[in-house]
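K.L.:
Next comes upload00.cif, mmCIF, C-alpha atoms:
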data_structure
loop_
_atom_site.group_PDB
_atom_site.id
_atom_site.type_symbol
_atom_site.label_atom_id
_atom_site.label_comp_id
_atom_site.auth_asym_id
_atom_site.auth_seq_id
_atom_site.Cartn_x
_atom_site.Cartn_y
_atom_site.Cartn_z
ATOM 1 C CA MET A 1 9.181 16.878 32.225
ATOM 2 C CA LYS A 2 9.468 20.642 32.744
ATOM 3 C CA ASN A 3 11.996 22.756 30.910
ATOM 4 C CA ARG A 4 13.366 26.305 30.781
ATOM 5 C CA LEU A 5 13.785 26.390 27.042
ATOM 6 C CA LYS A 6 11.399 29.280 26.447
ATOM 7 C CA VAL A 7 13.106 31.443 29.075
ATOM 8 C CA LEU A 8 16.602 30.608 27.849
ATOM 9 C CA ARG A 9 15.576 31.338 24.274
ATOM 10 C CA ALA A 10 13.974 34.652 25.261
ATOM 11 C CA GLU A 11 17.093 35.669 27.191
ATOM 12 C CA ARG A 12 19.047 35.401 23.965
ATOM 13 C CA GLY A 13 16.403 37.154 21.907
ATOM 14 C CA TRP A 14 15.900 34.149 19.674
ATOM 15 C CA SER A 15 12.637 33.272 17.992
ATOM 16 C CA GLN A 16 11.464 29.651 17.858
ATOM 17 C CA GLN A 17 12.617 29.618 14.234
ATOM 18 C CA ASP A 18 16.095 30.852 15.269
ATOM 19 C CA LEU A 19 16.394 28.091 17.847
ATOM 20 C CA ALA A 20 15.036 25.492 15.417
ATOM 21 C CA GLU A 21 17.677 26.440 12.843
ATOM 22 C CA ARG A 22 20.457 26.277 15.441
ATOM 23 C CA LEU A 23 19.290 22.826 16.543
ATOM 24 C CA GLU A 24 18.551 21.701 12.958
ATOM 25 C CA VAL A 25 14.996 20.701 13.841
ATOM 26 C CA SER A 26 11.582 22.010 12.791
ATOM 27 C CA ARG A 27 9.967 25.016 14.457
ATOM 28 C CA GLN A 28 7.113 22.687 15.420
ATOM 29 C CA SER A 29 9.580 20.538 17.368
ATOM 30 C CA VAL A 30 10.824 23.547 19.348
ATOM 31 C CA ASN A 31 7.254 24.569 20.073
ATOM 32 C CA ALA A 32 6.319 21.035 21.191
ATOM 33 C CA ILE A 33 9.324 20.833 23.536
ATOM 34 C CA GLU A 34 8.775 24.312 24.986
ATOM 35 C CA THR A 35 5.117 23.657 25.723
ATOM 36 C CA GLY A 36 5.907 20.278 27.302
ATOM 37 C CA ARG A 37 4.019 18.285 24.679
ATOM 38 C CA TYR A 38 7.154 16.418 23.686
ATOM 39 C CA ASP A 39 10.167 15.289 25.677
ATOM 40 C CA PRO A 40 13.254 15.244 23.450
ATOM 41 C CA SER A 41 15.470 12.199 23.085
ATOM 42 C CA LEU A 42 18.733 12.162 25.012
ATOM 43 C CA PRO A 43 20.828 13.074 21.913
ATOM 44 C CA LEU A 44 18.595 16.092 21.195
ATOM 45 C CA ALA A 45 18.614 17.093 24.868
ATOM 46 C CA PHE A 46 22.432 17.047 24.755
ATOM 47 C CA ARG A 47 22.388 19.224 21.616
ATOM 48 C CA ILE A 48 20.116 21.707 23.389
ATOM 49 C CA ALA A 49 22.342 21.696 26.462
ATOM 50 C CA ASP A 50 25.462 22.182 24.332
ATOM 51 C CA LEU A 51 23.848 25.075 22.467
ATOM 52 C CA PHE A 52 23.076 26.915 25.699
ATOM 53 C CA GLY A 53 26.350 25.851 27.331
ATOM 54 C CA MET A 54 24.531 24.261 30.246
ATOM 55 C CA ALA A 55 23.988 20.821 31.764
ATOM 56 C CA ILE A 56 20.858 18.942 30.737
ATOM 57 C CA GLU A 57 19.510 18.980 34.290
ATOM 58 C CA ASP A 58 19.776 22.782 34.330
ATOM 59 C CA ILE A 59 17.357 22.955 31.407
ATOM 60 C CA PHE A 60 15.103 19.934 31.995
ATOM 61 C CA GLN A 61 13.604 19.025 35.345
ATOM 62 C CA ARG A 62 11.321 16.266 36.612
ATOM 63 C CA GLY A 63 7.606 17.015 36.858
ATOM 64 C CA GLU A 64 4.618 17.726 34.665
ATOM 65 C CA MET B 1 -6.100 36.681 10.529
ATOM 66 C CA ASP B 2 -3.939 33.737 11.566
ATOM 67 C CA SER B 3 -1.459 33.131 8.742
ATOM 68 C CA THR B 4 -1.583 29.382 9.416
ATOM 69 C CA LEU B 5 -5.332 29.330 8.771
ATOM 70 C CA VAL B 6 -4.900 31.323 5.586
ATOM 71 C CA SER B 7 -2.241 28.958 4.284
ATOM 72 C CA ARG B 8 -4.238 25.856 5.201
ATOM 73 C CA ARG B 9 -7.437 26.856 3.455
ATOM 74 C CA PRO B 10 -6.202 26.072 -0.079
ATOM 75 C CA VAL B 11 -5.256 22.569 1.049
ATOM 76 C CA TRP B 12 -8.887 21.780 1.782
ATOM 77 C CA LEU B 13 -10.035 23.446 -1.425
ATOM 78 C CA TRP B 14 -7.536 21.559 -3.605
ATOM 79 C CA GLY B 15 -8.155 18.323 -1.719
ATOM 80 C CA ALA B 16 -11.919 18.644 -2.129
ATOM 81 C CA ALA B 17 -11.525 19.543 -5.815
ATOM 82 C CA PHE B 18 -9.316 16.475 -6.342
ATOM 83 C CA PHE B 19 -11.642 13.987 -4.633
ATOM 84 C CA ILE B 20 -14.815 15.441 -6.158
ATOM 85 C CA GLY B 21 -13.127 15.474 -9.574
ATOM 86 C CA MET B 22 -11.877 11.891 -9.325
ATOM 87 C CA PHE B 23 -15.086 10.401 -7.928
ATOM 88 C CA GLY B 24 -17.232 12.601 -10.194
ATOM 89 C CA THR B 25 -15.484 11.617 -13.414
ATOM 90 C CA GLY B 26 -15.318 7.992 -12.294
ATOM 91 C CA PHE B 27 -19.055 8.016 -11.627
ATOM 92 C CA LEU B 28 -19.796 9.699 -14.976
ATOM 93 C CA ALA B 29 -17.563 7.227 -16.825
ATOM 94 C CA ARG B 30 -19.582 4.374 -15.343
ATOM 95 C CA TRP B 31 -22.902 6.165 -15.871
ATOM 96 C CA PHE B 32 -22.206 6.623 -19.573
ATOM 97 C CA ASP B 33 -20.484 3.238 -19.753
ATOM 98 C CA LEU B 34 -17.380 4.773 -21.331
ATOM 99 C CA PRO B 35 -14.685 2.437 -22.711
ATOM 100 C CA SER B 36 -11.270 2.288 -21.022
ATOM 101 C CA ILE B 37 -9.453 4.982 -23.011
ATOM 102 C CA PRO B 38 -12.130 7.736 -22.784
ATOM 103 C CA SER B 39 -12.561 6.876 -19.068
ATOM 104 C CA ALA B 40 -8.850 7.387 -18.518
ATOM 105 C CA LEU B 41 -8.817 10.610 -20.531
ATOM 106 C CA VAL B 42 -11.627 12.267 -18.556
ATOM 107 C CA MET B 43 -9.853 11.389 -15.315
ATOM 108 C CA ILE B 44 -6.587 13.067 -16.298
ATOM 109 C CA PRO B 45 -7.643 16.682 -15.443
ATOM 110 C CA PRO B 46 -8.815 15.869 -11.879
ATOM 111 C CA MET B 47 -5.695 13.733 -11.444
ATOM 112 C CA LEU B 48 -3.548 16.768 -12.268
ATOM 113 C CA LEU B 49 -5.203 18.572 -9.333
ATOM 114 C CA LEU B 50 -2.908 16.458 -7.148
ATOM 115 C CA ILE B 51 -0.024 18.771 -8.054
ATOM 116 C CA PRO B 52 -1.527 22.003 -6.620
ATOM 117 C CA PHE B 53 -2.925 19.911 -3.746
ATOM 118 C CA VAL B 54 0.575 18.728 -2.775
ATOM 119 C CA ARG B 55 2.026 22.222 -3.269
ATOM 120 C CA ALA B 56 -0.658 23.753 -1.045
ATOM 121 C CA THR B 57 -0.005 21.020 1.531
ATOM 122 C CA GLU B 58 3.698 21.886 1.531
ATOM 123 C CA ARG B 59 2.955 25.606 1.946
ATOM 124 C CA ALA B 60 0.733 24.777 4.925
ATOM 125 C CA GLN B 61 3.400 22.491 6.402
ATOM 126 C CA ALA B 62 6.006 25.246 5.962
ATOM 127 C CA ALA B 63 3.684 27.838 7.542
ATOM 128 C CA CYS B 64 3.294 25.743 10.697
ATOM 129 C CA GLY B 65 7.018 24.897 10.813
ATOM 130 C CA ALA B 66 6.640 21.249 9.926
ATOM 131 C CA LEU B 67 8.173 20.967 6.457
ATOM 132 C CA SER B 68 11.409 18.992 6.479
ATOM 133 C CA PRO B 69 13.517 17.903 3.475
ATOM 134 C CA ALA B 70 12.420 14.306 4.131
ATOM 135 C CA THR B 71 8.766 15.394 4.051
ATOM 136 C CA GLN B 72 9.316 17.139 0.722
ATOM 137 C CA ARG B 73 10.931 14.024 -0.733
ATOM 138 C CA TYR B 74 8.027 11.909 0.549
ATOM 139 C CA ASN B 75 5.542 14.308 -1.059
ATOM 140 C CA ARG B 76 7.355 14.073 -4.422
ATOM 141 C CA ARG B 77 7.397 10.302 -4.187
ATOM 142 C CA GLY B 78 3.714 10.370 -3.284
ATOM 143 C CA LEU B 79 2.957 12.278 -6.474
ATOM 144 C CA ALA B 80 5.044 9.834 -8.505
ATOM 145 C CA TRP B 81 3.288 6.726 -7.153
ATOM 146 C CA SER B 82 -0.163 8.280 -7.586
ATOM 147 C CA PHE B 83 0.391 9.011 -11.278
ATOM 148 C CA ALA B 84 2.109 5.669 -11.829
ATOM 149 C CA TYR B 85 -0.793 3.873 -10.128
ATOM 150 C CA VAL B 86 -3.429 5.463 -12.374
ATOM 151 C CA LEU B 87 -1.324 4.829 -15.482
ATOM 152 C CA LEU B 88 -0.553 1.185 -14.660
ATOM 153 C CA LEU B 89 -4.134 0.469 -13.557
ATOM 154 C CA PHE B 90 -5.303 1.767 -16.928
ATOM 155 C CA VAL B 91 -2.669 -0.332 -18.759
ATOM 156 C CA ALA B 92 -3.699 -3.426 -16.786
ATOM 157 C CA VAL B 93 -7.457 -3.043 -17.322
ATOM 158 C CA ALA B 94 -7.283 -1.895 -20.943
ATOM 159 C CA GLY B 95 -4.476 -4.322 -21.791
ATOM 160 C CA SER B 96 -6.226 -7.378 -20.376
ATOM 161 C CA ARG B 97 -9.376 -6.568 -22.404
ATOM 162 C CA ALA B 98 -7.664 -5.556 -25.632
ATOM 163 C CA LEU B 99 -5.228 -8.445 -25.664
ATOM 164 C CA ASP B 100 -7.661 -10.993 -24.244
ATOM 165 C CA ALA B 101 -4.798 -11.761 -21.898
ATOM 166 C CA HIS B 102 -4.376 -15.088 -20.159
ATOM 167 C CA GLY B 103 -1.536 -17.114 -18.693
ATOM 168 C CA PRO B 104 1.760 -15.317 -17.887
ATOM 169 C CA LEU B 105 0.665 -12.086 -19.655
ATOM 170 C CA LEU B 106 -2.425 -11.867 -17.448
ATOM 171 C CA TRP B 107 -0.261 -12.447 -14.382
ATOM 172 C CA LEU B 108 2.034 -9.633 -15.508
ATOM 173 C CA LEU B 109 -0.838 -7.218 -16.199
ATOM 174 C CA ALA B 110 -2.576 -8.126 -12.932
ATOM 175 C CA VAL B 111 0.488 -7.325 -10.851
ATOM 176 C CA LEU B 112 1.199 -3.990 -12.605
ATOM 177 C CA PRO B 113 -1.122 -1.783 -10.455
ATOM 178 C CA ALA B 114 0.424 -3.283 -7.318
ATOM 179 C CA LEU B 115 3.915 -2.026 -8.184
ATOM 180 C CA PRO B 116 3.255 1.676 -7.350
ATOM 181 C CA ILE B 117 1.666 0.567 -4.064
ATOM 182 C CA LEU B 118 4.851 -1.333 -3.227
ATOM 183 C CA TYR B 119 6.737 1.860 -4.113
ATOM 184 C CA LEU B 120 4.484 3.710 -1.650
ATOM 185 C CA VAL B 121 5.425 1.249 1.099
ATOM 186 C CA TRP B 122 9.102 1.815 0.211
ATOM 187 C CA ALA B 123 8.585 5.610 0.198
ATOM 188 C CA MET B 124 7.062 5.462 3.682
ATOM 189 C CA ALA B 125 9.985 3.361 4.933
ATOM 190 C CA ARG B 126 12.457 5.787 3.312
ATOM 191 C CA TYR B 127 10.696 8.709 4.997
ATOM 192 C CA LEU B 128 11.097 7.131 8.434
ATOM 193 C CA ILE B 129 14.788 6.489 7.699
ATOM 194 C CA GLU B 130 15.494 9.913 6.168
ATOM 195 C CA GLU B 131 13.523 12.089 8.607
ATOM 196 C CA GLN B 132 16.090 13.785 10.865
ATOM 197 C CA ASP B 133 13.481 15.586 12.950
ATOM 198 C CA GLU B 134 12.522 13.161 15.714
ATOM 199 C CA TYR B 135 9.295 14.983 16.640
ATOM 200 C CA LEU B 136 7.964 14.984 13.064
ATOM 201 C CA ARG B 137 8.974 11.332 12.715
ATOM 202 C CA MET B 138 7.182 10.428 15.947
ATOM 203 C CA LYS B 139 4.000 12.072 14.701
ATOM 204 C CA VAL B 140 4.076 10.080 11.465
ATOM 205 C CA VAL B 141 4.798 6.846 13.357
ATOM 206 C CA ASN B 142 1.833 7.545 15.664
ATOM 207 C CA ALA B 143 -0.436 8.215 12.694
ATOM 208 C CA ALA B 144 0.821 5.051 10.953
ATOM 209 C CA LEU B 145 0.106 2.981 14.082
ATOM 210 C CA SER B 146 -3.420 4.429 14.213
ATOM 211 C CA ALA B 147 -3.846 3.540 10.541
ATOM 212 C CA THR B 148 -2.611 -0.012 11.145
ATOM 213 C CA GLY B 149 -4.982 -0.390 14.118
ATOM 214 C CA LEU B 150 -7.916 0.795 12.016
ATOM 215 C CA LEU B 151 -6.973 -1.554 9.182
ATOM 216 C CA LEU B 152 -6.689 -4.562 11.523
ATOM 217 C CA ALA B 153 -10.051 -3.738 13.115
ATOM 218 C CA VAL B 154 -11.872 -3.199 9.815
ATOM 219 C CA ALA B 155 -10.299 -6.252 8.134
ATOM 220 C CA THR B 156 -11.079 -8.517 11.099
ATOM 221 C CA VAL B 157 -14.710 -7.435 11.482
ATOM 222 C CA TRP B 158 -15.312 -7.453 7.726
ATOM 223 C CA GLY B 159 -13.613 -10.835 7.373
ATOM 224 C CA PHE B 160 -15.919 -12.498 9.891
ATOM 225 C CA LEU B 161 -18.991 -10.792 8.425
ATOM 226 C CA GLU B 162 -17.889 -12.144 5.046
ATOM 227 C CA THR B 163 -17.333 -15.631 6.495
ATOM 228 C CA PHE B 164 -20.945 -15.660 7.661
ATOM 229 C CA GLU B 165 -22.039 -14.333 4.251
ATOM 230 C CA LEU B 166 -23.465 -11.123 5.673
ATOM 231 C CA VAL B 167 -21.416 -8.796 3.472
ATOM 232 C CA PRO B 168 -19.978 -9.099 -0.050
ATOM 233 C CA HIS B 169 -16.366 -10.039 -0.740
ATOM 234 C CA VAL B 170 -13.916 -7.124 -0.854
ATOM 235 C CA PRO B 171 -10.573 -7.475 -2.723
ATOM 236 C CA SER B 172 -7.556 -7.349 -0.419
ATOM 237 C CA TRP B 173 -6.138 -4.279 -2.206
ATOM 238 C CA ALA B 174 -8.847 -2.341 -0.330
ATOM 239 C CA ALA B 175 -6.403 -2.528 2.608
ATOM 240 C CA VAL B 176 -4.461 0.387 1.091
ATOM 241 C CA PRO B 177 -7.283 2.970 0.991
ATOM 242 C CA VAL B 178 -8.438 1.867 4.475
ATOM 243 C CA TRP B 179 -4.878 2.352 5.769
ATOM 244 C CA ALA B 180 -4.669 5.740 4.010
ATOM 245 C CA ILE B 181 -7.918 6.849 5.681
ATOM 246 C CA GLY B 182 -6.441 5.748 9.012
ATOM 247 C CA LEU B 183 -3.280 7.738 8.302
ATOM 248 C CA ALA B 184 -5.344 10.840 7.500
ATOM 249 C CA LEU B 185 -7.391 10.379 10.695
ATOM 250 C CA GLY B 186 -4.204 9.875 12.710
ATOM 251 C CA THR B 187 -2.714 13.050 11.240
ATOM 252 C CA PHE B 188 -5.917 14.914 12.079
ATOM 253 C CA VAL B 189 -5.795 13.659 15.683
ATOM 254 C CA ASN B 190 -2.120 14.756 15.859
ATOM 255 C CA ARG B 191 -3.059 18.275 14.772
ATOM 256 C CA TRP B 192 -6.032 18.397 17.115
ATOM 257 C CA SER B 193 -3.896 17.330 20.075
ATOM 258 C CA GLU B 194 -1.436 20.148 19.314
ATOM 259 C CA LYS B 195 -4.080 22.844 19.813
#
Reformat the file's structure so that it appears as structure tokens.

P.N.:
Amino acid sequence: MKNRLKVLRAERGWSQQDLAERLEVSRQSVNAIETGRYDPSLPLAFRIADLFGMAIEDIFQRGE
Amino acid sequence: MDSTLVSRRPVWLWGAAFFIGMFGTGFLARWFDLPSIPSALVMIPPMLLLIPFVRATERAQAACGALSPATQRYNRRGLAWSFAYVLLLFVAVAGSRALDAHGPLLWLLAVLPALPILYLVWAMARYLIEEQDEYLRMKVVNAALSATGLLLAVATVWGFLETFELVPHVPSWAAVPVWAIGLALGTFVNRWSEK
């Protein structure tokens, strides 16, 4: 799955640590999701979408 | 220099010091044929190296953004079971000799060293329940599956070799260190795959 997490985070001027704290996950988790090494569960994907005020499909797309 | 590398270096140093200290004093105790109590006493200082080893591990985990409250609790429990294991193993070995134990007392002493290992199994289960970070939990589950695969492979091959009297008998408690080696290898593979 591809995602726009890094771009969305950068647009808000957040570091990976900032985003991790907002999502209540580890910085390593944010890094793994951003780099496509880990696809989050549906509950975490919803939390990410809620945080950015977007739909899940606007952040995550099909593809490698 | 990469701060992650700097923070990880002491982990290896403390880990190496711990293992060299434990195996070294154990070897010396056997070499000089020390009785139970002196053997236990000389192994206390290297055993205490576990504390800075765990602290350095936590600093490294924090530096790479992988230290969760559940991980910290697991580390504390790991320290507790390690010390309890050494203490109860000493009580079991020394007690069975000193008291010339047999019958129910021998059963009680024999099962003592197993209790901290059961606590370790509980601590691992608690970690998987308490870990709120799904990515960190997945990594531990992957490493645990690798460890279980290694244990099954080693136990199966060794078991048949033993059946055909090609290798000596190994007590079944050896499953724990084999599993621990598998867990360490699995963790190493996790880290390597992240680079």

K.L.:
Calculated over only C-alpha atoms, which of the candidates A:Glu24, A:Gly36, A:Pro43, A:Glu11 has the smallest distance to Arg62 (chain A)?

P.N.:
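Between A:Glu24, A:Gly36, A:Pro43, A:Glu11, the residue approaching Arg62 (chain A) most closely is A:Gly36.
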
K.L.:
Do you know which residues are at most 9 Å from Phe83 (chain B) counting all atoms listed in the file, after dropping those on the same chain fewer than 6 positions away, and could you put them as a ChimeraX atom specification?

P.N.:
/B:47-48,116

K.L.:
Got time to write the residues from that selection, C-alpha atoms, as a compact mmCIF listing (two decimals), keeping the file's coordinate frame?

P.N.:
# COMPACT_ATOMS: atom_id res chain seq x y z
CA MET B 47 -5.70 13.73 -11.44
CA LEU B 48 -3.55 16.77 -12.27
CA PRO B 116 3.26 1.68 -7.35

K.L.:
The PyMOL selection byres ((chain B and resi 123) around 10) on the file shown: which residues, as a PyMOL selection string?

P.N.:
chain B and resi 73-78+81+117-122+124-129

K.L.:
Mind writing the picked residues with C-alpha atoms as a PDB file, keeping the file's coordinate frame?

P.N.:
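The result, stored in result07.pdb:
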ATOM      1  CA  ARG B  73      10.931  14.024  -0.733  1.00  0.00           C
ATOM      2  CA  TYR B  74       8.027  11.909   0.549  1.00  0.00           C
ATOM      3  CA  ASN B  75       5.542  14.308  -1.059  1.00  0.00           C
ATOM      4  CA  ARG B  76       7.355  14.073  -4.422  1.00  0.00           C
ATOM      5  CA  ARG B  77       7.397  10.302  -4.187  1.00  0.00           C
ATOM      6  CA  GLY B  78       3.714  10.370  -3.284  1.00  0.00           C
ATOM      7  CA  TRP B  81       3.288   6.726  -7.153  1.00  0.00           C
ATOM      8  CA  ILE B 117       1.666   0.567  -4.064  1.00  0.00           C
ATOM      9  CA  LEU B 118       4.851  -1.333  -3.227  1.00  0.00           C
ATOM     10  CA  TYR B 119       6.737   1.860  -4.113  1.00  0.00           C
ATOM     11  CA  LEU B 120       4.484   3.710  -1.650  1.00  0.00           C
ATOM     12  CA  VAL B 121       5.425   1.249   1.099  1.00  0.00           C
ATOM     13  CA  TRP B 122       9.102   1.815   0.211  1.00  0.00           C
ATOM     14  CA  MET B 124       7.062   5.462   3.682  1.00  0.00           C
ATOM     15  CA  ALA B 125       9.985   3.361   4.933  1.00  0.00           C
ATOM     16  CA  ARG B 126      12.457   5.787   3.312  1.00  0.00           C
ATOM     17  CA  TYR B 127      10.696   8.709   4.997  1.00  0.00           C
ATOM     18  CA  LEU B 128      11.097   7.131   8.434  1.00  0.00           C
ATOM     19  CA  ILE B 129      14.788   6.489   7.699  1.00  0.00           C
TER      20      ILE B 129
END

K.L.:
Show me which bits of chain A are within 12 Å of chain B, counting only C-alpha atoms, as a list in words.

P.N.:
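Close to chain B, chain A has Gln16, Gln17, Asp18, Ala20, Glu21, Leu23, Glu24, Val25, Ser26, Arg27, Gln28, Ser29, Val30, Asn31, Ala32, Ile33, Thr35, Gly36, Arg37, Tyr38, Asp39, Pro40, Ser41, Leu42, Pro43, Leu44 and Ala45 of chain A.
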
K.L.:
Atoms to include: C-alpha atoms. Write the selected residues as an mmCIF file, keeping the file's coordinate frame.

P.N.:
data_model
loop_
_atom_site.group_PDB
_atom_site.id
_atom_site.type_symbol
_atom_site.label_atom_id
_atom_site.label_comp_id
_atom_site.auth_asym_id
_atom_site.auth_seq_id
_atom_site.Cartn_x
_atom_site.Cartn_y
_atom_site.Cartn_z
ATOM 1 C CA GLN A 16 11.464 29.651 17.858
ATOM 2 C CA GLN A 17 12.617 29.618 14.234
ATOM 3 C CA ASP A 18 16.095 30.852 15.269
ATOM 4 C CA ALA A 20 15.036 25.492 15.417
ATOM 5 C CA GLU A 21 17.677 26.440 12.843
ATOM 6 C CA LEU A 23 19.290 22.826 16.543
ATOM 7 C CA GLU A 24 18.551 21.701 12.958
ATOM 8 C CA VAL A 25 14.996 20.701 13.841
ATOM 9 C CA SER A 26 11.582 22.010 12.791
ATOM 10 C CA ARG A 27 9.967 25.016 14.457
ATOM 11 C CA GLN A 28 7.113 22.687 15.420
ATOM 12 C CA SER A 29 9.580 20.538 17.368
ATOM 13 C CA VAL A 30 10.824 23.547 19.348
ATOM 14 C CA ASN A 31 7.254 24.569 20.073
ATOM 15 C CA ALA A 32 6.319 21.035 21.191
ATOM 16 C CA ILE A 33 9.324 20.833 23.536
ATOM 17 C CA THR A 35 5.117 23.657 25.723
ATOM 18 C CA GLY A 36 5.907 20.278 27.302
ATOM 19 C CA ARG A 37 4.019 18.285 24.679
ATOM 20 C CA TYR A 38 7.154 16.418 23.686
ATOM 21 C CA ASP A 39 10.167 15.289 25.677
ATOM 22 C CA PRO A 40 13.254 15.244 23.450
ATOM 23 C CA SER A 41 15.470 12.199 23.085
ATOM 24 C CA LEU A 42 18.733 12.162 25.012
ATOM 25 C CA PRO A 43 20.828 13.074 21.913
ATOM 26 C CA LEU A 44 18.595 16.092 21.195
ATOM 27 C CA ALA A 45 18.614 17.093 24.868
#

K.L.:
Report the distance between CA of Ser82 (chain B) and CA of Leu50 (chain B) in Å, rounded to one decimal place.

P.N.:
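Computing the Euclidean distance for CA of Ser82 (chain B) and CA of Leu50 (chain B) yields 8.6 Å.
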
K.L.:
On this structure, the PyMOL selection byres ((chain B and resi 23-37) around 12) would catch which residues? List them as a ChimeraX atom specification, sorted by chain and number.

P.N.:
/B:16-22,38-47,87,89-98

K.L.:
Using all atoms listed in the file, which protein or nucleic acid residues come within 9 Å of Val140 (chain B)? Drop anything in the same chain fewer than 3 positions from it, and give the result as a list in words.

P.N.:
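Returned residues: Leu128, Tyr135, Leu136, Arg137, Ala143, Ala144, Leu145, Leu183, Gly186, Thr187 and Asn190 of chain B.
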
K.L.:
For the atom pair CA of Glu34 (chain A) and CA of Asn142 (chain B), what is the interatomic distance in Å to one decimal place?

P.N.:
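Separating CA of Glu34 (chain A) from CA of Asn142 (chain B) is a distance of 20.4 Å.
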
K.L.:
State, in Å with one decimal place, the distance from CA of Gly63 (chain A) to CA of Gly13 (chain A).

P.N.:
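For CA of Gly63 (chain A) relative to CA of Gly13 (chain A), the distance reads 26.6 Å.
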
K.L.:
Quick one: what's the axis-aligned box for region 114-117 of chain B, all listed atoms, 5 Å on every side, centre and edges in Å to one decimal, as lines of an AutoDock Vina configuration file?

P.N.:
center_x = 2.2
center_y = -0.8
center_z = -6.1
size_x = 13.5
size_y = 15.0
size_z = 14.1

K.L.:
Restricting the calculation to all atoms listed in the file, which member of B:Leu105, B:Leu161, B:Ala147, B:Leu79 is positioned closest to Val189 (chain B)?

P.N.:
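Checking each candidate against Val189 (chain B), we get B:Ala147 as the closest.
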
K.L.:
For Pro177 (chain B), find every residue with an atom within 12 Å (counting all atoms listed in the file), except residues of its own chain fewer than 2 positions away, and show them as an NGL selection string.

P.N.:
:B and (117 or 147-148 or 150-151 or 154 or 171-175 or 179-184)

K.L.:
Because the input lacks atoms here, generate all heavy atoms for region 142-147 of chain B and report them as a short mmCIF file (atom, residue, chain, number, x, y, z; two decimals), keeping the file's coordinate frame.

P.N.:
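That gives us rebuild.cif:
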data_model
loop_
_atom_site.label_atom_id
_atom_site.label_comp_id
_atom_site.auth_asym_id
_atom_site.auth_seq_id
_atom_site.Cartn_x
_atom_site.Cartn_y
_atom_site.Cartn_z
N ASN B 142 3.11 7.64 14.93
CA ASN B 142 1.83 7.54 15.66
C ASN B 142 0.65 7.42 14.71
O ASN B 142 -0.26 6.60 14.92
CB ASN B 142 1.64 8.78 16.55
CG ASN B 142 2.49 8.71 17.81
OD1 ASN B 142 3.06 7.67 18.13
ND2 ASN B 142 2.60 9.82 18.51
N ALA B 143 0.67 8.26 13.66
CA ALA B 143 -0.44 8.22 12.69
C ALA B 143 -0.45 6.87 11.97
O ALA B 143 -1.53 6.30 11.73
CB ALA B 143 -0.28 9.36 11.69
N ALA B 144 0.75 6.34 11.64
CA ALA B 144 0.82 5.05 10.95
C ALA B 144 0.33 3.91 11.85
O ALA B 144 -0.33 2.98 11.38
CB ALA B 144 2.25 4.78 10.50
N LEU B 145 0.61 4.00 13.14
CA LEU B 145 0.11 2.98 14.08
C LEU B 145 -1.41 3.05 14.18
O LEU B 145 -2.10 2.03 14.24
CB LEU B 145 0.75 3.17 15.46
CG LEU B 145 2.21 2.72 15.58
CD1 LEU B 145 2.77 3.09 16.95
CD2 LEU B 145 2.32 1.21 15.37
N SER B 146 -1.96 4.28 14.20
CA SER B 146 -3.42 4.43 14.21
C SER B 146 -4.01 3.81 12.95
O SER B 146 -5.04 3.11 13.01
CB SER B 146 -3.81 5.92 14.25
OG SER B 146 -3.27 6.53 15.39
N ALA B 147 -3.36 4.07 11.81
CA ALA B 147 -3.85 3.54 10.54
C ALA B 147 -3.81 2.01 10.55
O ALA B 147 -4.75 1.36 10.10
CB ALA B 147 -2.98 4.08 9.40
#
